[in-house]
file protein-v7.cif (mmCIF, C-alpha atoms and all ligand atoms)
data_coords
loop_
_atom_site.label_atom_id
_atom_site.label_comp_id
_atom_site.auth_asym_id
_atom_site.auth_seq_id
_atom_site.Cartn_x
_atom_site.Cartn_y
_atom_site.Cartn_z
CA MET A 1 -88.28 18.16 -33.62
CA LYS A 2 -85.27 16.85 -35.54
CA LYS A 3 -81.93 18.00 -34.14
CA PRO A 4 -79.63 19.99 -36.45
CA LEU A 5 -76.87 17.93 -38.06
CA ILE A 6 -73.35 19.28 -38.32
CA VAL A 7 -70.38 17.76 -40.13
CA GLN A 8 -67.05 18.81 -38.59
CA LYS A 9 -63.75 18.05 -40.31
CA PHE A 10 -60.41 18.24 -38.51
CA GLY A 11 -57.19 18.43 -40.53
CA GLY A 12 -53.78 16.92 -39.84
CA THR A 13 -52.42 19.61 -37.51
CA SER A 14 -55.65 19.55 -35.51
CA VAL A 15 -55.20 15.83 -34.74
CA GLY A 16 -51.39 16.00 -34.69
CA SER A 17 -50.93 14.83 -31.08
CA ILE A 18 -52.92 13.24 -28.25
CA GLU A 19 -53.17 16.65 -26.62
CA ARG A 20 -54.64 18.14 -29.79
CA ILE A 21 -57.03 15.22 -30.17
CA HIS A 22 -58.35 16.18 -26.73
CA GLN A 23 -58.87 19.77 -27.98
CA VAL A 24 -60.73 18.42 -31.01
CA ALA A 25 -62.87 16.22 -28.76
CA GLN A 26 -63.85 19.33 -26.80
CA HIS A 27 -65.11 21.07 -30.00
CA ILE A 28 -67.16 18.00 -30.83
CA ILE A 29 -68.56 17.78 -27.31
CA ASN A 30 -69.52 21.49 -27.43
CA ALA A 31 -71.44 20.88 -30.66
CA LYS A 32 -73.07 17.78 -29.24
CA ASN A 33 -74.01 19.53 -25.97
CA SER A 34 -75.62 22.33 -28.02
CA ASP A 35 -78.12 19.69 -29.11
CA ASN A 36 -76.66 18.84 -32.51
CA GLN A 37 -76.14 15.52 -34.17
CA VAL A 38 -72.44 15.39 -35.04
CA VAL A 39 -70.59 13.58 -37.79
CA VAL A 40 -66.83 14.08 -37.74
CA VAL A 41 -64.28 13.60 -40.51
CA VAL A 42 -60.60 13.32 -39.65
CA SER A 43 -57.34 13.53 -41.58
CA ALA A 44 -54.19 11.61 -40.78
CA MET A 45 -51.99 13.10 -38.02
CA SER A 46 -49.79 15.85 -39.49
CA GLY A 47 -46.80 14.50 -41.40
CA GLU A 48 -48.18 10.96 -41.44
CA THR A 49 -49.31 10.84 -45.09
CA ASN A 50 -45.94 12.26 -46.19
CA ARG A 51 -44.16 9.66 -44.07
CA LEU A 52 -46.16 6.86 -45.71
CA VAL A 53 -45.52 8.24 -49.21
CA ASP A 54 -41.84 8.40 -48.41
CA LEU A 55 -41.80 4.76 -47.24
CA ALA A 56 -43.48 3.69 -50.47
CA GLN A 57 -41.02 5.68 -52.57
CA GLN A 58 -38.10 3.99 -50.86
CA ILE A 59 -39.39 0.85 -52.56
CA ASP A 60 -40.46 2.31 -55.90
CA SER A 61 -40.30 5.90 -57.16
CA VAL A 62 -43.71 5.30 -58.78
CA PRO A 63 -45.43 2.91 -56.34
CA ASN A 64 -48.24 0.64 -57.46
CA ALA A 65 -51.31 2.90 -57.27
CA ARG A 66 -53.64 0.34 -55.65
CA GLU A 67 -51.15 -0.58 -52.94
CA LEU A 68 -50.34 3.08 -52.32
CA ASP A 69 -54.03 3.65 -51.52
CA VAL A 70 -54.04 0.70 -49.10
CA LEU A 71 -51.01 2.24 -47.40
CA LEU A 72 -52.16 5.88 -47.30
CA SER A 73 -55.64 5.08 -46.03
CA ALA A 74 -54.01 3.72 -42.86
CA GLY A 75 -53.11 7.28 -41.76
CA GLU A 76 -56.73 8.37 -41.35
CA GLN A 77 -57.61 5.06 -39.71
CA VAL A 78 -55.19 5.83 -36.88
CA SER A 79 -56.68 9.25 -36.12
CA MET A 80 -60.30 8.14 -36.33
CA ALA A 81 -59.71 5.37 -33.77
CA LEU A 82 -57.75 7.64 -31.41
CA LEU A 83 -60.49 10.28 -31.54
CA ALA A 84 -63.28 7.74 -30.96
CA MET A 85 -61.33 6.31 -27.99
CA THR A 86 -60.90 9.82 -26.56
CA LEU A 87 -64.61 10.67 -26.87
CA ASN A 88 -65.69 7.34 -25.41
CA LYS A 89 -63.30 7.81 -22.50
CA MET A 90 -64.78 11.30 -21.92
CA GLY A 91 -68.23 9.75 -21.68
CA TYR A 92 -69.51 10.49 -25.20
CA PRO A 93 -70.40 7.32 -27.11
CA SER A 94 -68.69 7.39 -30.51
CA ARG A 95 -67.99 5.00 -33.29
CA SER A 96 -65.31 5.29 -35.99
CA LEU A 97 -65.88 4.17 -39.58
CA THR A 98 -63.43 3.72 -42.45
CA GLY A 99 -64.46 5.03 -45.87
CA ALA A 100 -65.63 1.54 -46.80
CA GLN A 101 -67.62 1.12 -43.56
CA ALA A 102 -69.22 4.52 -44.22
CA ARG A 103 -70.08 3.20 -47.71
CA ILE A 104 -68.32 5.97 -49.58
CA VAL A 105 -68.20 4.57 -53.10
CA THR A 106 -65.73 6.06 -55.58
CA ASP A 107 -64.63 5.48 -59.15
CA GLU A 108 -61.55 3.32 -59.82
CA GLN A 109 -59.05 6.16 -60.18
CA HIS A 110 -56.51 5.14 -57.53
CA ASN A 111 -54.74 8.04 -55.74
CA ASP A 112 -57.18 10.56 -57.20
CA ALA A 113 -60.60 8.98 -56.93
CA THR A 114 -63.94 10.77 -57.18
CA ILE A 115 -66.84 10.01 -54.84
CA LYS A 116 -69.76 8.60 -56.84
CA GLN A 117 -72.26 7.93 -54.08
CA ILE A 118 -72.63 7.51 -50.34
CA ASP A 119 -75.08 5.15 -48.70
CA VAL A 120 -75.73 7.05 -45.50
CA SER A 121 -77.75 4.30 -43.78
CA PRO A 122 -74.91 3.06 -41.48
CA ILE A 123 -74.25 6.64 -40.32
CA LEU A 124 -77.95 7.40 -39.82
CA LYS A 125 -78.33 4.24 -37.77
CA LEU A 126 -75.50 5.29 -35.45
CA LEU A 127 -76.91 8.82 -35.16
CA GLU A 128 -80.27 7.35 -34.18
CA GLN A 129 -78.45 5.57 -31.35
CA ASP A 130 -77.17 9.00 -30.28
CA GLN A 131 -73.57 8.14 -31.19
CA ILE A 132 -71.00 10.60 -32.48
CA VAL A 133 -69.85 9.21 -35.83
CA ILE A 134 -66.20 9.62 -36.82
CA VAL A 135 -65.38 8.93 -40.47
CA ALA A 136 -61.90 8.55 -41.95
CA GLY A 137 -61.36 11.32 -44.49
CA PHE A 138 -59.66 11.02 -47.87
CA GLN A 139 -60.75 7.43 -48.59
CA GLY A 140 -63.45 5.38 -50.19
CA ILE A 141 -64.02 2.04 -51.82
CA THR A 142 -64.67 1.02 -55.42
CA GLU A 143 -67.68 -1.01 -56.41
CA SER A 144 -65.37 -4.00 -56.66
CA GLY A 145 -64.13 -3.50 -53.08
CA ASP A 146 -60.72 -1.85 -53.52
CA ILE A 147 -59.64 0.98 -51.21
CA THR A 148 -59.14 4.32 -52.97
CA THR A 149 -57.93 7.75 -51.90
CA LEU A 150 -59.21 11.11 -53.12
CA GLY A 151 -55.98 13.02 -53.82
CA ARG A 152 -53.88 15.00 -51.33
CA GLY A 153 -56.04 17.21 -49.13
CA GLY A 154 -59.06 15.02 -49.90
CA SER A 155 -60.54 14.87 -46.38
CA ASP A 156 -62.26 18.21 -47.07
CA THR A 157 -64.06 16.49 -49.92
CA THR A 158 -65.14 13.59 -47.70
CA ALA A 159 -66.64 16.12 -45.28
CA VAL A 160 -68.50 18.10 -47.92
CA ALA A 161 -69.76 14.97 -49.69
CA LEU A 162 -71.03 13.57 -46.38
CA ALA A 163 -72.65 16.89 -45.49
CA GLY A 164 -74.40 16.89 -48.88
CA ALA A 165 -75.56 13.28 -48.62
CA LEU A 166 -76.78 13.76 -45.05
CA GLN A 167 -78.32 17.17 -45.87
CA ALA A 168 -76.38 18.59 -42.96
CA ASP A 169 -77.12 22.07 -41.68
CA GLU A 170 -73.45 23.06 -41.98
CA CYS A 171 -70.11 21.60 -42.98
CA GLN A 172 -67.37 23.03 -40.76
CA ILE A 173 -63.76 22.63 -41.88
CA PHE A 174 -61.56 23.11 -38.81
CA THR A 175 -57.94 23.81 -39.66
CA ASP A 176 -54.81 25.61 -38.47
CA VAL A 177 -55.83 29.07 -39.75
CA ASP A 178 -58.98 30.88 -38.64
CA GLY A 179 -60.54 31.23 -42.08
CA ILE A 180 -59.97 31.94 -45.75
CA TYR A 181 -57.55 34.80 -46.30
CA THR A 182 -56.84 37.04 -49.29
CA CYS A 183 -53.58 35.07 -49.64
CA ASP A 184 -51.83 32.36 -47.64
CA PRO A 185 -51.22 34.23 -44.36
CA ARG A 186 -47.97 32.31 -43.91
CA VAL A 187 -46.62 34.07 -46.99
CA VAL A 188 -48.31 37.47 -46.93
CA GLU A 189 -48.50 38.76 -43.39
CA SER A 190 -50.86 41.59 -44.35
CA ALA A 191 -53.39 39.18 -45.88
CA HIS A 192 -56.79 39.56 -44.27
CA LYS A 193 -59.55 37.18 -43.52
CA LEU A 194 -62.64 37.14 -45.72
CA GLU A 195 -65.78 36.72 -43.62
CA VAL A 196 -67.55 35.58 -46.79
CA ILE A 197 -66.14 34.42 -50.10
CA ASP A 198 -68.29 33.53 -53.09
CA PHE A 199 -68.08 30.07 -54.66
CA PRO A 200 -66.56 31.12 -58.03
CA SER A 201 -63.72 32.98 -56.30
CA MET A 202 -63.13 30.13 -53.85
CA GLU A 203 -63.16 27.65 -56.72
CA SER A 204 -60.52 29.67 -58.52
CA MET A 205 -58.41 30.08 -55.36
CA ALA A 206 -58.49 26.31 -54.71
CA ARG A 207 -57.88 25.44 -58.37
CA HIS A 208 -54.76 27.62 -58.34
CA GLY A 209 -53.22 26.22 -55.19
CA ALA A 210 -54.86 27.72 -52.08
CA LYS A 211 -54.84 24.46 -50.20
CA VAL A 212 -57.07 25.70 -47.41
CA LEU A 213 -59.84 23.83 -49.27
CA HIS A 214 -59.47 20.82 -51.59
CA LEU A 215 -60.81 21.82 -55.02
CA PRO A 216 -63.39 18.99 -55.37
CA SER A 217 -64.81 19.95 -51.97
CA VAL A 218 -65.54 23.46 -53.26
CA LEU A 219 -67.05 22.17 -56.50
CA HIS A 220 -69.24 19.70 -54.62
CA ALA A 221 -70.39 22.29 -52.07
CA TRP A 222 -71.19 24.76 -54.86
CA GLU A 223 -73.11 22.25 -56.93
CA ASN A 224 -75.09 20.95 -53.97
CA GLN A 225 -75.34 24.25 -52.08
CA VAL A 226 -73.74 22.76 -48.97
CA PRO A 227 -73.28 25.49 -46.33
CA LEU A 228 -69.49 25.51 -45.94
CA ARG A 229 -67.43 27.25 -43.26
CA VAL A 230 -63.68 27.25 -42.61
CA LEU A 231 -62.59 27.93 -39.04
CA SER A 232 -59.79 27.34 -36.60
CA THR A 233 -59.45 24.45 -34.18
CA PHE A 234 -57.28 26.62 -31.95
CA ASP A 235 -58.98 30.01 -31.93
CA VAL A 236 -62.73 30.27 -31.52
CA ASN A 237 -64.39 32.66 -33.99
CA GLN A 238 -66.84 32.56 -36.89
CA GLY A 239 -64.20 31.78 -39.52
CA SER A 240 -65.11 32.28 -43.20
CA LEU A 241 -68.27 31.29 -44.96
CA VAL A 242 -68.26 30.18 -48.61
CA LYS A 243 -71.46 31.50 -50.09
CA GLY A 244 -72.87 33.13 -53.21
CA ASP A 245 -72.78 32.20 -56.90
CA GLU A 246 -71.39 35.42 -58.31
CA CYS A 247 -67.84 36.71 -58.40
CA LEU A 248 -68.36 40.35 -57.50
CA HIS A 249 -65.00 41.96 -56.93
CA SER A 250 -62.12 42.68 -59.24
CA VAL A 251 -59.28 41.07 -57.27
CA CYS A 252 -60.39 39.03 -54.33
CA GLY A 253 -57.26 37.06 -53.54
CA LEU A 254 -53.95 35.53 -54.57
CA ALA A 255 -53.19 31.84 -54.76
CA ILE A 256 -49.79 30.19 -54.88
CA GLN A 257 -49.02 26.85 -56.49
CA ARG A 258 -45.53 25.62 -55.75
CA ASP A 259 -43.77 22.53 -57.03
CA MET A 260 -44.67 22.89 -60.66
CA CYS A 261 -42.29 21.75 -63.31
CA LEU A 262 -41.50 23.31 -66.67
CA ILE A 263 -40.27 20.66 -69.08
CA LYS A 264 -38.57 22.07 -72.13
CA VAL A 265 -38.67 19.78 -75.15
CA ALA A 266 -37.59 19.95 -78.76
CA LYS A 267 -40.42 21.09 -81.01
CA PRO A 268 -40.75 17.80 -82.97
CA VAL A 269 -41.41 15.81 -79.79
CA LEU A 270 -43.87 18.26 -78.21
CA ILE A 271 -46.94 16.52 -79.60
CA SER A 272 -45.75 13.07 -78.61
CA VAL A 273 -44.99 14.26 -75.07
CA GLU A 274 -48.49 15.72 -74.83
CA LYS A 275 -49.94 12.40 -75.98
CA GLN A 276 -47.87 10.45 -73.45
CA CYS A 277 -49.18 12.71 -70.70
CA GLN A 278 -52.76 12.06 -71.78
CA LEU A 279 -52.15 8.31 -71.95
CA ILE A 280 -50.75 8.03 -68.45
CA GLY A 281 -53.22 10.49 -66.96
CA ILE A 282 -50.94 13.46 -66.25
CA ASP A 283 -52.66 16.86 -66.28
CA ILE A 284 -50.83 19.43 -68.35
CA TRP A 285 -51.31 22.89 -66.86
CA ASP A 286 -50.15 24.60 -70.05
CA VAL A 287 -48.19 24.14 -73.23
CA ILE A 288 -45.83 27.03 -73.87
CA GLU A 289 -44.68 28.01 -77.33
CA HIS A 290 -42.05 30.60 -76.52
CA PRO A 291 -40.17 32.24 -79.42
CA GLU A 292 -36.99 30.42 -78.31
CA TRP A 293 -38.29 27.17 -76.77
CA PHE A 294 -41.23 24.81 -76.30
CA GLY A 295 -42.37 23.39 -73.02
CA ILE A 296 -45.11 21.86 -70.97
CA VAL A 297 -45.94 22.63 -67.36
CA VAL A 298 -46.98 19.78 -65.06
CA LYS A 299 -46.98 19.16 -61.32
CA GLN A 300 -43.56 18.26 -59.98
CA ASP A 301 -44.79 14.99 -58.48
CA ALA A 302 -46.10 13.88 -61.89
CA PHE A 303 -42.62 14.24 -63.32
CA SER A 304 -41.21 10.92 -62.02
CA LYS A 305 -44.11 9.15 -63.71
CA LEU A 306 -43.51 11.06 -66.92
CA GLU A 307 -39.75 10.53 -66.78
CA LEU A 308 -40.33 6.79 -67.16
CA VAL A 309 -41.95 7.27 -70.57
CA LEU A 310 -40.05 10.30 -71.83
CA GLN A 311 -36.64 8.66 -71.73
CA GLY A 312 -34.24 11.22 -73.06
CA LYS A 313 -36.76 13.49 -74.80
CA VAL A 314 -36.46 16.15 -72.10
CA ALA A 315 -34.09 18.91 -73.10
CA ASP A 316 -34.32 20.76 -69.85
CA ARG A 317 -36.41 20.86 -66.68
CA HIS A 318 -37.00 23.65 -64.15
CA GLN A 319 -38.99 23.92 -61.00
CA ILE A 320 -41.37 26.88 -61.17
CA SER A 321 -44.14 28.37 -59.03
CA LEU A 322 -47.41 29.87 -60.13
CA LEU A 323 -48.93 33.00 -58.62
CA THR A 324 -52.57 33.64 -59.49
CA ALA A 325 -54.63 36.75 -58.97
CA VAL A 326 -58.27 35.70 -58.55
CA GLY A 327 -61.24 37.95 -59.30
CA ALA A 328 -63.64 39.17 -61.94
CA ASN A 329 -61.39 41.52 -63.90
CA THR A 330 -57.94 40.16 -63.30
CA GLN A 331 -57.14 39.78 -67.02
CA GLU A 332 -57.03 43.55 -67.28
CA LEU A 333 -54.20 43.67 -64.77
CA ALA A 334 -51.65 41.90 -66.96
CA GLU A 335 -49.83 44.99 -68.19
CA SER A 336 -49.58 46.80 -64.86
CA LEU A 337 -48.71 43.57 -63.06
CA ASN A 338 -45.84 42.87 -65.43
CA SER A 339 -44.43 46.39 -65.06
CA LEU A 340 -44.70 46.12 -61.28
CA LEU A 341 -42.78 42.84 -61.29
CA ALA A 342 -40.20 44.21 -63.74
CA GLU A 343 -39.70 47.29 -61.53
CA HIS A 344 -38.69 44.88 -58.77
CA LYS A 345 -36.50 42.83 -61.10
CA ILE A 346 -38.79 39.82 -61.02
CA SER A 347 -39.24 38.25 -64.41
CA ALA A 348 -42.39 36.43 -65.44
CA ILE A 349 -41.63 33.18 -67.28
CA HIS A 350 -45.12 32.85 -68.66
CA GLN A 351 -48.64 34.16 -68.13
CA LYS A 352 -52.07 32.64 -68.60
CA SER A 353 -55.53 33.95 -67.86
CA ASP A 354 -59.18 33.01 -67.87
CA GLU A 355 -62.34 34.88 -66.94
CA ARG A 356 -61.56 34.84 -63.22
CA SER A 357 -57.82 34.49 -62.94
CA LEU A 358 -54.45 35.72 -64.11
CA THR A 359 -51.59 33.31 -63.47
CA THR A 360 -47.92 34.22 -63.65
CA ALA A 361 -45.21 31.54 -63.74
CA LEU A 362 -42.16 32.58 -61.71
CA LEU A 363 -38.91 31.18 -60.39
CA PRO A 364 -39.74 29.54 -57.03
CA GLU A 365 -37.44 31.91 -55.12
CA CYS A 366 -39.40 34.96 -56.38
CA VAL A 367 -42.94 33.86 -55.62
CA ASN A 368 -43.19 35.03 -52.00
CA SER A 369 -41.92 38.53 -52.72
CA ALA A 370 -44.11 38.74 -55.83
CA ALA A 371 -47.15 37.71 -53.75
CA ASN A 372 -46.40 40.46 -51.21
CA LEU A 373 -45.98 43.05 -53.97
CA LEU A 374 -49.21 42.12 -55.73
CA HIS A 375 -51.14 41.99 -52.48
CA GLN A 376 -49.94 45.44 -51.57
CA ALA A 377 -50.81 46.80 -55.01
CA TYR A 378 -54.15 45.18 -55.79
CA ILE A 379 -55.77 43.93 -52.61
CA MET A 380 -56.23 47.01 -50.53
CA PRO A 381 -58.10 46.47 -47.25
CA SER A 382 -60.73 48.96 -48.40
CA LYS A 383 -61.48 46.84 -51.46
CA ALA A 384 -61.88 43.75 -49.34
CA HIS A 385 -64.15 45.72 -47.05
CA ASP A 386 -66.31 46.76 -50.02
CA CYS A 387 -66.67 43.19 -51.06
CA LEU A 388 -67.70 42.15 -47.56
CA GLN A 389 -70.36 44.83 -47.55
CA LYS A 390 -71.69 43.59 -50.89
CA HIS A 391 -71.90 40.07 -49.58
CA ALA A 392 -73.56 41.21 -46.39
CA TYR A 393 -76.29 42.81 -48.54
CA LEU A 394 -76.67 39.61 -50.50
CA GLY A 395 -77.48 37.96 -47.18
P1 LIG B 401 -55.49 20.82 -42.95
O1 LIG B 401 -54.37 19.92 -42.58
O2 LIG B 401 -56.27 21.32 -41.77
O3 LIG B 401 -56.34 20.27 -44.04
P2 LIG B 401 -54.06 22.47 -44.87
O4 LIG B 401 -52.60 22.57 -44.60
O5 LIG B 401 -54.50 21.54 -45.92
O6 LIG B 401 -54.78 22.16 -43.48
O7 LIG B 401 -54.70 23.90 -45.21
C1 LIG B 401 -54.50 24.98 -44.34
C2 LIG B 401 -53.32 25.83 -44.83
O8 LIG B 401 -53.69 26.43 -46.07
C3 LIG B 401 -52.99 27.00 -43.95
O9 LIG B 401 -52.11 26.63 -42.92
C4 LIG B 401 -52.39 28.01 -44.92
O10 LIG B 401 -50.97 28.02 -44.86
C5 LIG B 401 -52.79 27.49 -46.29
N1 LIG B 401 -53.45 28.49 -47.14
C6 LIG B 401 -53.17 28.70 -48.44
N2 LIG B 401 -53.91 29.67 -48.95
C7 LIG B 401 -54.71 30.11 -47.96
C8 LIG B 401 -55.73 31.12 -47.87
N3 LIG B 401 -56.06 31.87 -48.92
N4 LIG B 401 -56.35 31.29 -46.68
C9 LIG B 401 -56.02 30.53 -45.61
N5 LIG B 401 -55.07 29.58 -45.63
C10 LIG B 401 -54.42 29.35 -46.79
N1 LIG B 402 -54.03 12.91 -45.14
C1 LIG B 402 -54.28 13.33 -46.50
C2 LIG B 402 -53.18 14.30 -46.95
O1 LIG B 402 -52.27 14.58 -46.19
C3 LIG B 402 -55.64 13.91 -46.69
C4 LIG B 402 -55.93 15.22 -45.97
O2 LIG B 402 -55.18 15.62 -45.09
O3 LIG B 402 -56.96 15.82 -46.27
O4 LIG B 402 -53.21 14.74 -48.06
MG MG B 403 -56.13 20.25 -46.14
#
call {"tool": "encode", "arguments": {"input": "protein-v7.cif", "output": "structure tokens"}}
result
Amino acid sequence: MKKPLIVQKFGGTSVGSIERIHQVAQHIINAKNSDNQVVVVVSAMSGETNRLVDLAQQIDSVPNARELDVLLSAGEQVSMALLAMTLNKMGYPSRSLTGAQARIVTDEQHNDATIKQIDVSPILKLLEQDQIVIVAGFQGITESGDITTLGRGGSDTTAVALAGALQADECQIFTDVDGIYTCDPRVVESAHKLEVIDFPSMESMARHGAKVLHLPSVLHAWENQVPLRVLSTFDVNQGSLVKGDECLHSVCGLAIQRDMCLIKVAKPVLISVEKQCQLIGIDIWDVIEHPEWFGIVVKQDAFSKLELVLQGKVADRHQISLLTAVGANTQELAESLNSLLAEHKISAIHQKSDERSLTTALLPECVNSAANLLHQAYIMPSKAHDCLQKHAYLG
């Protein structure tokens, strides 16, 4: 009978030192000894990608996108080799593969590429030889042979895409928290772990900044029904399972997106600024037509790129943070949420909603206290418990 196949992904903190790489190796060995075939995806050691970005920016504030990908892909290459060496040394034959060697083909969008296809034959061949296969996360190769990267946090997407292509029995994302919480547990101490979260809610959480999963990984897993679990490298438990196509509960969680930038512009140049953004591929989160001013909201790191083309058209620029309530009926919360914030002297700069989310733009220094307030008010443990029960029934 064919052995089960598991894809395990280990993030930056999990491979952050040689000692931690040994811990990771032990997880892999446990899976292998339980008679599984194991494919592993690794991120760069923690801090490494930032260090490489910083080196590049010492040369050019907007580095050449192709060369930046060549540089950043080196981070994952270091961890994959160290992990393969560790496993081999421990007596478990392993082989590391770069994105190109694993034949992960992407489009040409440097720094934010999308995986188009994976030819799994090199991995299958190694699995047949009973090897543990270690693949560098976050990278691929274009049809014309250039290295690409998948956007920050992209190793999750490598893992899910490989799990889909290999028809793995489960894709396990090992990280530094023991699952998916109702809000980032580093910000809201009373946040609780969700044993199960449905795909639409997880998609909305990831889209609005919950970096525990890279957004394309959630979309890919949802579309291809890849069994996806988030769990801790450092604390053994079942973690959280992402499962189910329906968003069942009114407020399931809160997501925080920091480092956004509100660019205020004079009304006559608003349209041309929007066009420039489109031309150079900058996503605009929203265009705000306030009674007293006009502005666009983009990611902070897109601003240096935009600054090059705006040249003097920016009247004013502020860093802002976005706090999003995710769930089926969040739109209905707007009024009570605004009064709650006002009661605590926190002013909302702007608000935007869609069918599963209500986002409030805030000054960065207010976002943590606002998250705690909203969590206390709308995400009662009993509600979360209800939602778990519902999911348990759904099986
Ligand atoms: P990795 O390096 O393993 O990919 P990340 O730093 O990308 O890890 O993602 C894990 C982090 O995501 C956690 O340390 C936590 O601070 C943050 N996070 C944000 N929102 C959530 C959430 N809802 N549940 C769990 N973790 C979250
Ligand atoms: N190393 C990359 C990053 O820091 C990819 C990842 O960690 O998933 O964004
Ligand atoms: Mg990550």
call {"tool": "residues_near_ligand", "arguments": {"input": "protein-v7.cif", "ligand": "ligand LIG 402 (chain B)", "cutoff": "6 Å", "atoms": "all atoms listed in the file", "output": "list in words"}}
result
Gly11, Gly12, Ser43, Ala44, Thr49, Phe138, Arg152, Gly153, Gly154, Ser155 and Asp156 of chain A
call {"tool": "residues_near_ligand", "arguments": {"input": "protein-v7.cif", "ligand": "ligand LIG 401 (chain B)", "cutoff": "10 Å", "atoms": "all atoms listed in the file", "output": "ChimeraX atom specification"}}
result
/A:9-16,42-47,152-156,173-188,191-194,202,205-206,208-214,230-233,240,252-257
call {"tool": "write_last_selection", "arguments": {"input": "protein-v7.cif", "atoms": "C-alpha atoms", "output": "mmCIF file, in the coordinates of the input"}}
result
data_model
loop_
_atom_site.group_PDB
_atom_site.id
_atom_site.type_symbol
_atom_site.label_atom_id
_atom_site.label_comp_id
_atom_site.auth_asym_id
_atom_site.auth_seq_id
_atom_site.Cartn_x
_atom_site.Cartn_y
_atom_site.Cartn_z
ATOM 1 C CA LYS A 9 -63.750 18.050 -40.310
ATOM 2 C CA PHE A 10 -60.410 18.240 -38.510
ATOM 3 C CA GLY A 11 -57.190 18.430 -40.530
ATOM 4 C CA GLY A 12 -53.780 16.920 -39.840
ATOM 5 C CA THR A 13 -52.420 19.610 -37.510
ATOM 6 C CA SER A 14 -55.650 19.550 -35.510
ATOM 7 C CA VAL A 15 -55.200 15.830 -34.740
ATOM 8 C CA GLY A 16 -51.390 16.000 -34.690
ATOM 9 C CA VAL A 42 -60.600 13.320 -39.650
ATOM 10 C CA SER A 43 -57.340 13.530 -41.580
ATOM 11 C CA ALA A 44 -54.190 11.610 -40.780
ATOM 12 C CA MET A 45 -51.990 13.100 -38.020
ATOM 13 C CA SER A 46 -49.790 15.850 -39.490
ATOM 14 C CA GLY A 47 -46.800 14.500 -41.400
ATOM 15 C CA ARG A 152 -53.880 15.000 -51.330
ATOM 16 C CA GLY A 153 -56.040 17.210 -49.130
ATOM 17 C CA GLY A 154 -59.060 15.020 -49.900
ATOM 18 C CA SER A 155 -60.540 14.870 -46.380
ATOM 19 C CA ASP A 156 -62.260 18.210 -47.070
ATOM 20 C CA ILE A 173 -63.760 22.630 -41.880
ATOM 21 C CA PHE A 174 -61.560 23.110 -38.810
ATOM 22 C CA THR A 175 -57.940 23.810 -39.660
ATOM 23 C CA ASP A 176 -54.810 25.610 -38.470
ATOM 24 C CA VAL A 177 -55.830 29.070 -39.750
ATOM 25 C CA ASP A 178 -58.980 30.880 -38.640
ATOM 26 C CA GLY A 179 -60.540 31.230 -42.080
ATOM 27 C CA ILE A 180 -59.970 31.940 -45.750
ATOM 28 C CA TYR A 181 -57.550 34.800 -46.300
ATOM 29 C CA THR A 182 -56.840 37.040 -49.290
ATOM 30 C CA CYS A 183 -53.580 35.070 -49.640
ATOM 31 C CA ASP A 184 -51.830 32.360 -47.640
ATOM 32 C CA PRO A 185 -51.220 34.230 -44.360
ATOM 33 C CA ARG A 186 -47.970 32.310 -43.910
ATOM 34 C CA VAL A 187 -46.620 34.070 -46.990
ATOM 35 C CA VAL A 188 -48.310 37.470 -46.930
ATOM 36 C CA ALA A 191 -53.390 39.180 -45.880
ATOM 37 C CA HIS A 192 -56.790 39.560 -44.270
ATOM 38 C CA LYS A 193 -59.550 37.180 -43.520
ATOM 39 C CA LEU A 194 -62.640 37.140 -45.720
ATOM 40 C CA MET A 202 -63.130 30.130 -53.850
ATOM 41 C CA MET A 205 -58.410 30.080 -55.360
ATOM 42 C CA ALA A 206 -58.490 26.310 -54.710
ATOM 43 C CA HIS A 208 -54.760 27.620 -58.340
ATOM 44 C CA GLY A 209 -53.220 26.220 -55.190
ATOM 45 C CA ALA A 210 -54.860 27.720 -52.080
ATOM 46 C CA LYS A 211 -54.840 24.460 -50.200
ATOM 47 C CA VAL A 212 -57.070 25.700 -47.410
ATOM 48 C CA LEU A 213 -59.840 23.830 -49.270
ATOM 49 C CA HIS A 214 -59.470 20.820 -51.590
ATOM 50 C CA VAL A 230 -63.680 27.250 -42.610
ATOM 51 C CA LEU A 231 -62.590 27.930 -39.040
ATOM 52 C CA SER A 232 -59.790 27.340 -36.600
ATOM 53 C CA THR A 233 -59.450 24.450 -34.180
ATOM 54 C CA SER A 240 -65.110 32.280 -43.200
ATOM 55 C CA CYS A 252 -60.390 39.030 -54.330
ATOM 56 C CA GLY A 253 -57.260 37.060 -53.540
ATOM 57 C CA LEU A 254 -53.950 35.530 -54.570
ATOM 58 C CA ALA A 255 -53.190 31.840 -54.760
ATOM 59 C CA ILE A 256 -49.790 30.190 -54.880
ATOM 60 C CA GLN A 257 -49.020 26.850 -56.490
#
call {"tool": "atom_distance", "arguments": {"input": "protein-v7.cif", "atom1": "CA of Ile123 in chain A", "atom2": "CA of Arg229 in chain A"}}
result
21.9 Å
call {"tool": "atom_distance", "arguments": {"input": "protein-v7.cif", "atom1": "CA of Asn111 in chain A", "atom2": "CA of Gly99 in chain A"}}
result
14.2 Å
call {"tool": "atom_distance", "arguments": {"input": "protein-v7.cif", "atom1": "CA of Ala136 in chain A", "atom2": "CA of Ser79 in chain A"}}
result
7.9 Å
call {"tool": "closest_residue", "arguments": {"input": "protein-v7.cif", "among": "A:Ser369, A:Ser96, A:Gln311, A:Gln131", "to": "His344 in chain A", "atoms": "only C-alpha atoms"}}
result
A:Ser369
call {"tool": "closest_residue", "arguments": {"input": "protein-v7.cif", "among": "A:Ser121, A:Thr157, A:Ser144, A:Asn50", "to": "ligand MG 403 (chain B)", "atoms": "only C-alpha atoms and all ligand atoms"}}
result
A:Thr157
